[in-house]
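Trainee: File name upload30.pdb; file contents PDB, C-alpha atoms; full text below.
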```
ATOM      1  CA  ARG A   1     -11.864  54.518  -6.673  1.00  0.00           C
ATOM      2  CA  GLY A   2     -10.544  56.799  -9.366  1.00  0.00           C
ATOM      3  CA  GLU A   3     -12.531  58.336 -12.169  1.00  0.00           C
ATOM      4  CA  ASN A   4     -11.581  55.366 -14.321  1.00  0.00           C
ATOM      5  CA  GLY A   5     -13.322  52.989 -11.882  1.00  0.00           C
ATOM      6  CA  TYR A   6     -10.145  51.284 -10.666  1.00  0.00           C
ATOM      7  CA  ARG A   7      -9.350  51.064  -6.964  1.00  0.00           C
ATOM      8  CA  SER A   8      -6.311  53.079  -5.921  1.00  0.00           C
ATOM      9  CA  TYR A   9      -3.730  51.500  -3.595  1.00  0.00           C
ATOM     10  CA  CYS A  10      -1.070  53.185  -1.518  1.00  0.00           C
ATOM     11  CA  GLU A  11       2.304  51.784  -0.432  1.00  0.00           C
ATOM     12  CA  SER A  12       0.896  50.487   2.865  1.00  0.00           C
ATOM     13  CA  ASP A  13      -1.778  48.572   0.936  1.00  0.00           C
ATOM     14  CA  ALA A  14       0.927  46.930  -1.166  1.00  0.00           C
ATOM     15  CA  ILE A  15       2.877  45.923   1.953  1.00  0.00           C
ATOM     16  CA  THR A  16      -0.265  44.545   3.601  1.00  0.00           C
ATOM     17  CA  TYR A  17      -1.103  42.592   0.457  1.00  0.00           C
ATOM     18  CA  THR A  18       2.429  41.190   0.366  1.00  0.00           C
ATOM     19  CA  MET A  19       2.210  40.038   3.995  1.00  0.00           C
ATOM     20  CA  ILE A  20      -1.153  38.366   3.371  1.00  0.00           C
ATOM     21  CA  ARG A  21       0.184  36.598   0.292  1.00  0.00           C
ATOM     22  CA  MET A  22       3.199  35.443   2.300  1.00  0.00           C
ATOM     23  CA  LEU A  23       0.963  33.880   4.954  1.00  0.00           C
ATOM     24  CA  ARG A  24      -1.203  32.288   2.272  1.00  0.00           C
ATOM     25  CA  GLY A  25       1.995  30.996   0.692  1.00  0.00           C
ATOM     26  CA  PHE A  26       2.588  29.144   3.976  1.00  0.00           C
ATOM     27  CA  GLU A  27      -0.890  27.639   3.454  1.00  0.00           C
ATOM     28  CA  ILE A  28      -2.325  29.417   6.474  1.00  0.00           C
ATOM     29  CA  SER A  29      -6.074  29.688   6.031  1.00  0.00           C
ATOM     30  CA  VAL A  30      -7.848  32.981   5.286  1.00  0.00           C
ATOM     31  CA  PRO A  31      -9.795  32.894   8.605  1.00  0.00           C
ATOM     32  CA  GLN A  32      -6.507  32.349  10.490  1.00  0.00           C
ATOM     33  CA  ILE A  33      -4.880  35.250   8.665  1.00  0.00           C
ATOM     34  CA  HIS A  34      -7.894  37.416   9.502  1.00  0.00           C
ATOM     35  CA  ASP A  35      -7.519  36.541  13.180  1.00  0.00           C
ATOM     36  CA  LEU A  36      -3.761  37.096  13.160  1.00  0.00           C
ATOM     37  CA  ARG A  37      -4.083  40.489  11.507  1.00  0.00           C
ATOM     38  CA  GLY A  38      -6.971  41.495  13.736  1.00  0.00           C
ATOM     39  CA  ASN A  39      -5.406  40.914  17.131  1.00  0.00           C
ATOM     40  CA  SER A  40      -2.179  38.938  17.610  1.00  0.00           C
ATOM     41  CA  THR A  41       1.227  39.148  19.188  1.00  0.00           C
ATOM     42  CA  ILE A  42       4.431  38.104  17.447  1.00  0.00           C
ATOM     43  CA  GLU A  43       4.342  34.999  19.647  1.00  0.00           C
ATOM     44  CA  GLN A  44       0.922  34.092  18.238  1.00  0.00           C
ATOM     45  CA  VAL A  45       2.179  34.559  14.686  1.00  0.00           C
ATOM     46  CA  ASP A  46       5.139  32.317  15.512  1.00  0.00           C
ATOM     47  CA  ALA A  47       2.801  29.718  17.048  1.00  0.00           C
ATOM     48  CA  SER A  48       0.799  29.619  13.808  1.00  0.00           C
ATOM     49  CA  LEU A  49       3.979  29.070  11.810  1.00  0.00           C
ATOM     50  CA  GLU A  50       5.129  26.402  14.287  1.00  0.00           C
ATOM     51  CA  LYS A  51       1.844  24.551  13.814  1.00  0.00           C
ATOM     52  CA  LYS A  52       2.270  24.742  10.039  1.00  0.00           C
ATOM     53  CA  GLU A  53       5.835  23.469  10.410  1.00  0.00           C
ATOM     54  CA  ARG A  54       4.611  20.382  12.300  1.00  0.00           C
ATOM     55  CA  GLU A  55       1.974  19.756   9.651  1.00  0.00           C
ATOM     56  CA  LEU A  56       4.543  20.001   6.851  1.00  0.00           C
ATOM     57  CA  VAL A  57       7.012  17.701   8.630  1.00  0.00           C
ATOM     58  CA  GLU A  58       4.266  15.101   9.013  1.00  0.00           C
ATOM     59  CA  LEU A  59       3.243  15.551   5.369  1.00  0.00           C
ATOM     60  CA  ILE A  60       6.855  15.036   4.259  1.00  0.00           C
ATOM     61  CA  LYS A  61       7.084  11.853   6.348  1.00  0.00           C
ATOM     62  CA  ARG A  62       3.890  10.483   4.791  1.00  0.00           C
ATOM     63  CA  SER A  63       5.043  11.476   1.310  1.00  0.00           C
ATOM     64  CA  GLU A  64       8.420   9.787   1.798  1.00  0.00           C
ATOM     65  CA  LYS A  65       6.699   6.591   2.966  1.00  0.00           C
ATOM     66  CA  LEU A  66       4.348   6.707  -0.004  1.00  0.00           C
ATOM     67  CA  LEU A  67       7.249   7.346  -2.370  1.00  0.00           C
ATOM     68  CA  GLY A  68       8.962   4.267  -0.974  1.00  0.00           C
ATOM     69  CA  LYS A  69       5.857   2.179  -1.625  1.00  0.00           C
ATOM     70  CA  VAL A  70       5.506   3.525  -5.181  1.00  0.00           C
ATOM     71  CA  ARG A  71       9.119   2.515  -5.855  1.00  0.00           C
ATOM     72  CA  TYR A  72       8.538  -0.905  -4.278  1.00  0.00           C
ATOM     73  CA  VAL A  73       5.487  -1.571  -6.474  1.00  0.00           C
ATOM     74  CA  ARG A  74       7.287  -0.346  -9.593  1.00  0.00           C
ATOM     75  CA  LYS A  75      10.174  -2.658  -8.761  1.00  0.00           C
ATOM     76  CA  SER A  76       7.720  -5.559  -8.587  1.00  0.00           C
ATOM     77  CA  PHE A  77       6.546  -4.606 -12.073  1.00  0.00           C
ATOM     78  CA  THR A  78      10.099  -4.968 -13.378  1.00  0.00           C
ATOM     79  CA  ARG A  79       9.969  -8.619 -12.294  1.00  0.00           C
ATOM     80  CA  ILE A  80       7.136  -9.293 -14.719  1.00  0.00           C
ATOM     81  CA  ALA A  81       9.506  -9.552 -17.692  1.00  0.00           C
ATOM     82  CA  GLU A  82      11.834 -11.795 -15.678  1.00  0.00           C
ATOM     83  CA  GLU A  83       9.242 -14.106 -14.118  1.00  0.00           C
ATOM     84  CA  LEU A  84       6.325 -14.202 -16.562  1.00  0.00           C
ATOM     85  CA  GLY A  85       6.434 -17.764 -17.855  1.00  0.00           C
ATOM     86  CA  HIS A  86       9.558 -18.514 -15.795  1.00  0.00           C
ATOM     87  CA  CYS A  87      10.402 -19.558 -12.232  1.00  0.00           C
ATOM     88  CA  VAL A  88      13.121 -17.875 -10.187  1.00  0.00           C
ATOM     89  CA  ILE A  89      14.577 -18.051  -6.693  1.00  0.00           C
ATOM     90  CA  ARG A  90      14.546 -14.924  -4.522  1.00  0.00           C
ATOM     91  CA  THR A  91      13.790 -13.799  -0.972  1.00  0.00           C
ATOM     92  CA  ILE A  92      10.844 -12.011   0.634  1.00  0.00           C
ATOM     93  CA  PRO A  93      10.616 -10.014   3.890  1.00  0.00           C
ATOM     94  CA  GLU A  94       8.555 -10.821   6.977  1.00  0.00           C
ATOM     95  CA  ILE A  95       4.815 -10.675   6.326  1.00  0.00           C
ATOM     96  CA  TYR A  96       1.615 -10.329   8.325  1.00  0.00           C
ATOM     97  CA  ARG A  97      -1.589 -11.624   6.759  1.00  0.00           C
ATOM     98  CA  LEU A  98      -5.236 -11.284   7.724  1.00  0.00           C
ATOM     99  CA  GLN A  99      -7.287 -14.278   6.593  1.00  0.00           C
ATOM    100  CA  LYS A 100     -10.751 -13.240   5.384  1.00  0.00           C
ATOM    101  CA  THR A 101     -12.264 -16.543   4.266  1.00  0.00           C
ATOM    102  CA  LYS A 102     -12.345 -20.105   5.545  1.00  0.00           C
ATOM    103  CA  GLY A 103     -14.034 -22.994   3.798  1.00  0.00           C
ATOM    104  CA  GLY A 104     -15.383 -20.593   1.181  1.00  0.00           C
ATOM    105  CA  LYS A 105     -17.103 -18.408   3.799  1.00  0.00           C
ATOM    106  CA  ILE A 106     -16.199 -14.853   4.793  1.00  0.00           C
ATOM    107  CA  LEU A 107     -15.044 -14.498   8.400  1.00  0.00           C
ATOM    108  CA  LEU A 108     -17.182 -11.900  10.161  1.00  0.00           C
ATOM    109  CA  SER A 109     -16.085 -11.941  13.790  1.00  0.00           C
ATOM    110  CA  PRO A 110     -15.884  -8.411  15.283  1.00  0.00           C
ATOM    111  CA  SER A 111     -12.091  -8.627  15.632  1.00  0.00           C
ATOM    112  CA  VAL A 112     -11.641  -9.674  11.989  1.00  0.00           C
ATOM    113  CA  VAL A 113     -14.054  -6.986  10.775  1.00  0.00           C
ATOM    114  CA  GLU A 114     -12.122  -4.314  12.701  1.00  0.00           C
ATOM    115  CA  ALA A 115      -8.768  -5.654  11.502  1.00  0.00           C
ATOM    116  CA  THR A 116     -10.123  -5.635   7.927  1.00  0.00           C
ATOM    117  CA  ARG A 117     -11.119  -1.984   8.262  1.00  0.00           C
ATOM    118  CA  LYS A 118      -7.611  -1.108   9.433  1.00  0.00           C
ATOM    119  CA  MET A 119      -6.022  -3.066   6.598  1.00  0.00           C
ATOM    120  CA  MET A 120      -8.254  -1.396   4.010  1.00  0.00           C
ATOM    121  CA  ASP A 121      -7.318   1.982   5.495  1.00  0.00           C
ATOM    122  CA  SER A 122      -3.689   0.895   5.075  1.00  0.00           C
ATOM    123  CA  LEU A 123      -3.922   0.633   1.279  1.00  0.00           C
ATOM    124  CA  PRO A 124      -1.720   0.899  -0.759  1.00  0.00           C
ATOM    125  CA  TYR A 125       0.616  -0.632   1.843  1.00  0.00           C
ATOM    126  CA  SER A 126      -1.565  -3.736   2.223  1.00  0.00           C
ATOM    127  CA  TYR A 127      -2.510  -5.982  -0.700  1.00  0.00           C
ATOM    128  CA  PHE A 128      -4.915  -8.719  -1.830  1.00  0.00           C
ATOM    129  CA  SER A 129      -3.526 -12.126  -0.901  1.00  0.00           C
ATOM    130  CA  ILE A 130      -4.527 -15.738  -1.641  1.00  0.00           C
ATOM    131  CA  ARG A 131      -3.071 -18.763   0.126  1.00  0.00           C
ATOM    132  CA  VAL A 132      -3.100 -22.404  -0.942  1.00  0.00           C
ATOM    133  CA  SER A 133      -2.153 -25.205   1.464  1.00  0.00           C
ATOM    134  CA  LEU A 134       0.764 -27.438   0.474  1.00  0.00           C
ATOM    135  CA  GLU A 135      -1.559 -30.435   0.554  1.00  0.00           C
ATOM    136  CA  SER A 136      -3.791 -28.823  -2.041  1.00  0.00           C
ATOM    137  CA  PHE A 137      -0.826 -27.486  -4.053  1.00  0.00           C
ATOM    138  CA  LEU A 138       0.824 -30.897  -4.311  1.00  0.00           C
ATOM    139  CA  GLY A 139      -2.361 -32.960  -4.588  1.00  0.00           C
ATOM    140  CA  GLU A 140      -4.566 -33.748  -7.557  1.00  0.00           C
ATOM    141  CA  SER A 141      -8.008 -32.807  -6.235  1.00  0.00           C
ATOM    142  CA  PRO A 142      -9.664 -29.457  -7.085  1.00  0.00           C
ATOM    143  CA  LEU A 143      -7.680 -26.578  -5.642  1.00  0.00           C
ATOM    144  CA  THR A 144      -8.798 -25.109  -2.308  1.00  0.00           C
ATOM    145  CA  TYR A 145      -7.639 -21.730  -1.060  1.00  0.00           C
ATOM    146  CA  ASN A 146      -8.525 -18.768   1.127  1.00  0.00           C
ATOM    147  CA  TRP A 147      -8.076 -15.081   0.522  1.00  0.00           C
ATOM    148  CA  GLY A 148      -7.198 -12.160   2.720  1.00  0.00           C
ATOM    149  CA  LEU A 149      -4.990  -9.089   3.010  1.00  0.00           C
ATOM    150  CA  GLY A 150      -1.212  -9.089   3.392  1.00  0.00           C
ATOM    151  CA  ILE A 151       1.318  -6.483   4.474  1.00  0.00           C
ATOM    152  CA  THR A 152       5.055  -6.522   5.162  1.00  0.00           C
ATOM    153  CA  LYS A 153       6.074  -6.427   8.813  1.00  0.00           C
ATOM    154  CA  GLU A 154       7.991  -3.215   8.130  1.00  0.00           C
ATOM    155  CA  ASP A 155       4.863  -1.466   6.803  1.00  0.00           C
ATOM    156  CA  PHE A 156       2.714  -3.040   9.546  1.00  0.00           C
ATOM    157  CA  GLU A 157       4.889  -1.491  12.238  1.00  0.00           C
ATOM    158  CA  MET A 158       5.399   1.772  10.346  1.00  0.00           C
ATOM    159  CA  LEU A 159       1.606   2.274  10.239  1.00  0.00           C
ATOM    160  CA  GLY A 160       1.294   1.537  13.957  1.00  0.00           C
ATOM    161  CA  LEU A 161      -0.841  -1.586  13.506  1.00  0.00           C
ATOM    162  CA  GLU A 162      -1.003  -4.163  16.295  1.00  0.00           C
ATOM    163  CA  ASN A 163      -1.449  -7.929  16.168  1.00  0.00           C
ATOM    164  CA  SER A 164      -3.924  -9.225  18.743  1.00  0.00           C
ATOM    165  CA  GLY A 165      -4.063 -12.659  17.159  1.00  0.00           C
ATOM    166  CA  GLU A 166      -5.981 -11.805  13.970  1.00  0.00           C
ATOM    167  CA  TYR A 167      -2.884 -11.852  11.742  1.00  0.00           C
ATOM    168  CA  ASP A 168      -0.775 -14.805  10.631  1.00  0.00           C
ATOM    169  CA  TYR A 169       2.978 -14.194  10.639  1.00  0.00           C
ATOM    170  CA  SER A 170       5.395 -15.467   7.998  1.00  0.00           C
ATOM    171  CA  PRO A 171       9.157 -15.046   8.521  1.00  0.00           C
ATOM    172  CA  ALA A 172      11.527 -13.757   5.864  1.00  0.00           C
ATOM    173  CA  SER A 173      12.000 -16.622   3.435  1.00  0.00           C
ATOM    174  CA  ARG A 174      13.830 -17.942   0.421  1.00  0.00           C
ATOM    175  CA  ILE A 175      11.156 -18.643  -2.176  1.00  0.00           C
ATOM    176  CA  ALA A 176      10.461 -20.069  -5.598  1.00  0.00           C
ATOM    177  CA  SER A 177       8.493 -17.508  -7.568  1.00  0.00           C
ATOM    178  CA  THR A 178       6.678 -16.989 -10.849  1.00  0.00           C
ATOM    179  CA  ILE A 179       4.201 -14.519 -12.351  1.00  0.00           C
ATOM    180  CA  ILE A 180       1.052 -15.379 -14.295  1.00  0.00           C
ATOM    181  CA  VAL A 181      -1.525 -13.351 -16.203  1.00  0.00           C
ATOM    182  CA  LYS A 182      -5.243 -14.162 -15.985  1.00  0.00           C
ATOM    183  CA  ASP A 183      -8.247 -12.676 -17.723  1.00  0.00           C
ATOM    184  CA  THR A 184     -10.439 -13.411 -14.692  1.00  0.00           C
ATOM    185  CA  LEU A 185      -9.868 -12.293 -11.112  1.00  0.00           C
ATOM    186  CA  LEU A 186     -10.973 -15.623  -9.605  1.00  0.00           C
ATOM    187  CA  PRO A 187     -10.963 -18.569  -9.296  1.00  0.00           C
ATOM    188  CA  VAL A 188      -7.346 -19.625  -8.996  1.00  0.00           C
ATOM    189  CA  THR A 189      -6.993 -22.983 -10.741  1.00  0.00           C
ATOM    190  CA  ARG A 190      -4.542 -25.870 -10.596  1.00  0.00           C
ATOM    191  CA  ASP A 191      -3.360 -24.901 -14.085  1.00  0.00           C
ATOM    192  CA  ASP A 192      -2.341 -21.481 -12.714  1.00  0.00           C
ATOM    193  CA  LEU A 193       0.060 -23.197 -10.311  1.00  0.00           C
ATOM    194  CA  ALA A 194       1.240 -25.989 -12.630  1.00  0.00           C
ATOM    195  CA  GLN A 195       4.475 -24.329 -13.735  1.00  0.00           C
ATOM    196  CA  LEU A 196       5.622 -23.490 -10.204  1.00  0.00           C
ATOM    197  CA  ARG A 197       4.625 -26.959  -8.970  1.00  0.00           C
ATOM    198  CA  ALA A 198       6.610 -28.662 -11.724  1.00  0.00           C
ATOM    199  CA  PHE A 199       9.616 -26.432 -11.009  1.00  0.00           C
ATOM    200  CA  VAL A 200       9.852 -27.102  -7.265  1.00  0.00           C
ATOM    201  CA  LEU A 201       9.326 -30.846  -7.751  1.00  0.00           C
ATOM    202  CA  GLU A 202      11.947 -31.004 -10.505  1.00  0.00           C
ATOM    203  CA  GLN A 203      14.469 -29.086  -8.384  1.00  0.00           C
ATOM    204  CA  GLY A 204      13.746 -31.244  -5.336  1.00  0.00           C
ATOM    205  CA  PHE A 205      13.152 -28.309  -3.005  1.00  0.00           C
ATOM    206  CA  ARG A 206      11.771 -28.887   0.457  1.00  0.00           C
ATOM    207  CA  LEU A 207       8.681 -26.702   0.816  1.00  0.00           C
ATOM    208  CA  LYS A 208       8.406 -24.747   4.081  1.00  0.00           C
ATOM    209  CA  GLY A 209       4.981 -23.114   3.958  1.00  0.00           C
ATOM    210  CA  GLU A 210       1.787 -22.396   2.084  1.00  0.00           C
ATOM    211  CA  VAL A 211       1.708 -21.094  -1.473  1.00  0.00           C
ATOM    212  CA  MET A 212       1.148 -17.320  -1.437  1.00  0.00           C
ATOM    213  CA  ILE A 213      -0.490 -15.538  -4.349  1.00  0.00           C
ATOM    214  CA  ARG A 214      -0.410 -11.749  -4.558  1.00  0.00           C
ATOM    215  CA  LEU A 215      -2.347  -9.583  -6.982  1.00  0.00           C
ATOM    216  CA  LEU A 216       0.292  -7.220  -8.371  1.00  0.00           C
ATOM    217  CA  SER A 217      -1.917  -5.129 -10.626  1.00  0.00           C
ATOM    218  CA  GLU A 218      -4.407  -5.150 -13.437  1.00  0.00           C
ATOM    219  CA  ALA A 219      -4.150  -3.710 -16.925  1.00  0.00           C
ATOM    220  CA  HIS A 220      -6.662  -3.158 -19.720  1.00  0.00           C
ATOM    221  CA  PRO A 221      -4.963  -3.504 -23.115  1.00  0.00           C
ATOM    222  CA  GLY A 222      -7.465  -2.899 -25.886  1.00  0.00           C
ATOM    223  CA  GLY A 223     -10.227  -2.810 -23.285  1.00  0.00           C
ATOM    224  CA  ASN A 224      -9.508  -6.397 -22.183  1.00  0.00           C
ATOM    225  CA  THR A 225      -8.780  -6.837 -18.482  1.00  0.00           C
ATOM    226  CA  ARG A 226      -5.615  -8.686 -17.462  1.00  0.00           C
ATOM    227  CA  TYR A 227      -4.716  -9.555 -13.869  1.00  0.00           C
ATOM    228  CA  TYR A 228      -1.057 -10.023 -12.923  1.00  0.00           C
ATOM    229  CA  TYR A 229      -0.388 -12.415 -10.047  1.00  0.00           C
ATOM    230  CA  SER A 230       2.854 -13.218  -8.249  1.00  0.00           C
ATOM    231  CA  ILE A 231       2.896 -16.826  -7.028  1.00  0.00           C
ATOM    232  CA  ILE A 232       5.470 -17.892  -4.454  1.00  0.00           C
ATOM    233  CA  VAL A 233       6.232 -20.813  -2.162  1.00  0.00           C
ATOM    234  CA  PRO A 234       8.821 -20.826   0.666  1.00  0.00           C
ATOM    235  CA  ILE A 235      11.629 -23.322   0.120  1.00  0.00           C
ATOM    236  CA  GLU A 236      14.834 -24.528   1.698  1.00  0.00           C
TER     237      GLU A 236
END
```
So, in terms of structure tokens, how does the structure I just supplied come out?
Mentor:
Amino acid sequence: RGENGYRSYCESDAITYTMIRMLRGFEISVPQIHDLRGNSTIEQVDASLEKKERELVELIKRSEKLLGKVRYVRKSFTRIAEELGHCVIRTIPEIYRLQKTKGGKILLSPSVVEATRKMMDSLPYSYFSIRVSLESFLGESPLTYNWGLGITKEDFEMLGLENSGEYDYSPASRIASTIIVKDTLLPVTRDDLAQLRAFVLEQGFRLKGEVMIRLLSEAHPGGNTRYYYSIIVPIE
């Protein structure tokens, strides 16, 4: 140190500092840099950069997938203005769905529990899903439904998930669709489905599958919780 108390650096110190900062700029850890600078060949330095390259490529892939999902969800939000209080016709992709309840009871078989863990780890690609049978949808008795977790086939395969019989499959379909807003998460009531039911009956559509209800999002205007649901039924 000099008389003023500051440490003095020479040109070689500046070069060394620059090299260390460069390696840190590549997000190589301090212990790794210490090892590389202590005893390493140029091949070992290259191997460290190759490892970082693989990590970054994988990070970019994950980020691109996540960006795609963010755009997909935002696109679903744009449908709120179009479908809130209205019914429209559109198409949906192939879907896998894990049923979590039956007869009001949670399914707890080991295979379902393991599949549930994988689906929860798959968030935000998976989503909360309710299904109502056509018999219940078209009938007059109190509504019966089950809930579970859904995911598009594209995301299912992209995440490397496998179906050993725990998931129900729904093909790509033409659907009648609407969006509702509720101030409670559950239960789903017959009134919630009344508009879509009246629409498909009025149009004379032939219904091809169960009613599917997806929780799009929640919001809290003025501190009051609002749940946005997409309600669809396959038609032909």
Trainee: Which is closer to A:Leu98 than all the others in A:Glu43, A:Glu83, A:Glu114, A:Glu64, using only C-alpha atoms?
Mentor: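 Closest candidate: A:Glu114.
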Trainee: What's around stretch 174-190 of chain A at 6 Å? Count all atoms listed in the file, leave out sequence neighbours fewer than 3 positions away in its own chain, and write the answer as a PyMOL selection string.
Mentor: chain A and resi 83-84+86-91+143+193+225-235
Trainee: I'd like the interatomic distance between atom CA of A:Gln203 and atom CA of A:Leu138, to a tenth of an Å.
Mentor: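 Atom-to-atom, atom CA of A:Gln203 and atom CA of A:Leu138 are spaced 14.4 Å apart.
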Trainee: Would you compute the distance between atom CA of A:Asn163 and atom CA of A:Ala115? Give it in Å to one decimal.
Mentor: 9.0 Å
Trainee: Which is closer to A:Leu56 than all the others in A:Ser133, A:Phe26, A:Gly68, A:Ser109, using all atoms listed in the file?
Mentor: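 Among the listed residues, the smallest separation from A:Leu56 belongs to A:Phe26.
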Trainee: Name the residues that the PyMOL selection byres ((chain A and resi 20) around 12) picks from the file above, as number ranges by chain, using the file's chain letters and numbers.
Mentor: A: 13-19, 21-37
Trainee: Go ahead and compute the interatomic distance for atom CA of A:Ile213 and atom CA of A:Leu67, in Å to one decimal.
Mentor: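 Atom CA of A:Leu67 lies at a distance of 24.2 Å from atom CA of A:Ile213.
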Trainee: What would the selection look like, as a list in words, if the PyMOL selection byres ((chain A and resi 167) around 8) were run on the coordinates I just shared?
Mentor: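 When the PyMOL selection byres ((chain A and resi 167) around 8) is applied, the selected residues are Tyr96, Arg97, Leu98, Gln99, Asn163, Ser164, Gly165, Glu166, Asp168 and Tyr169 of chain A.
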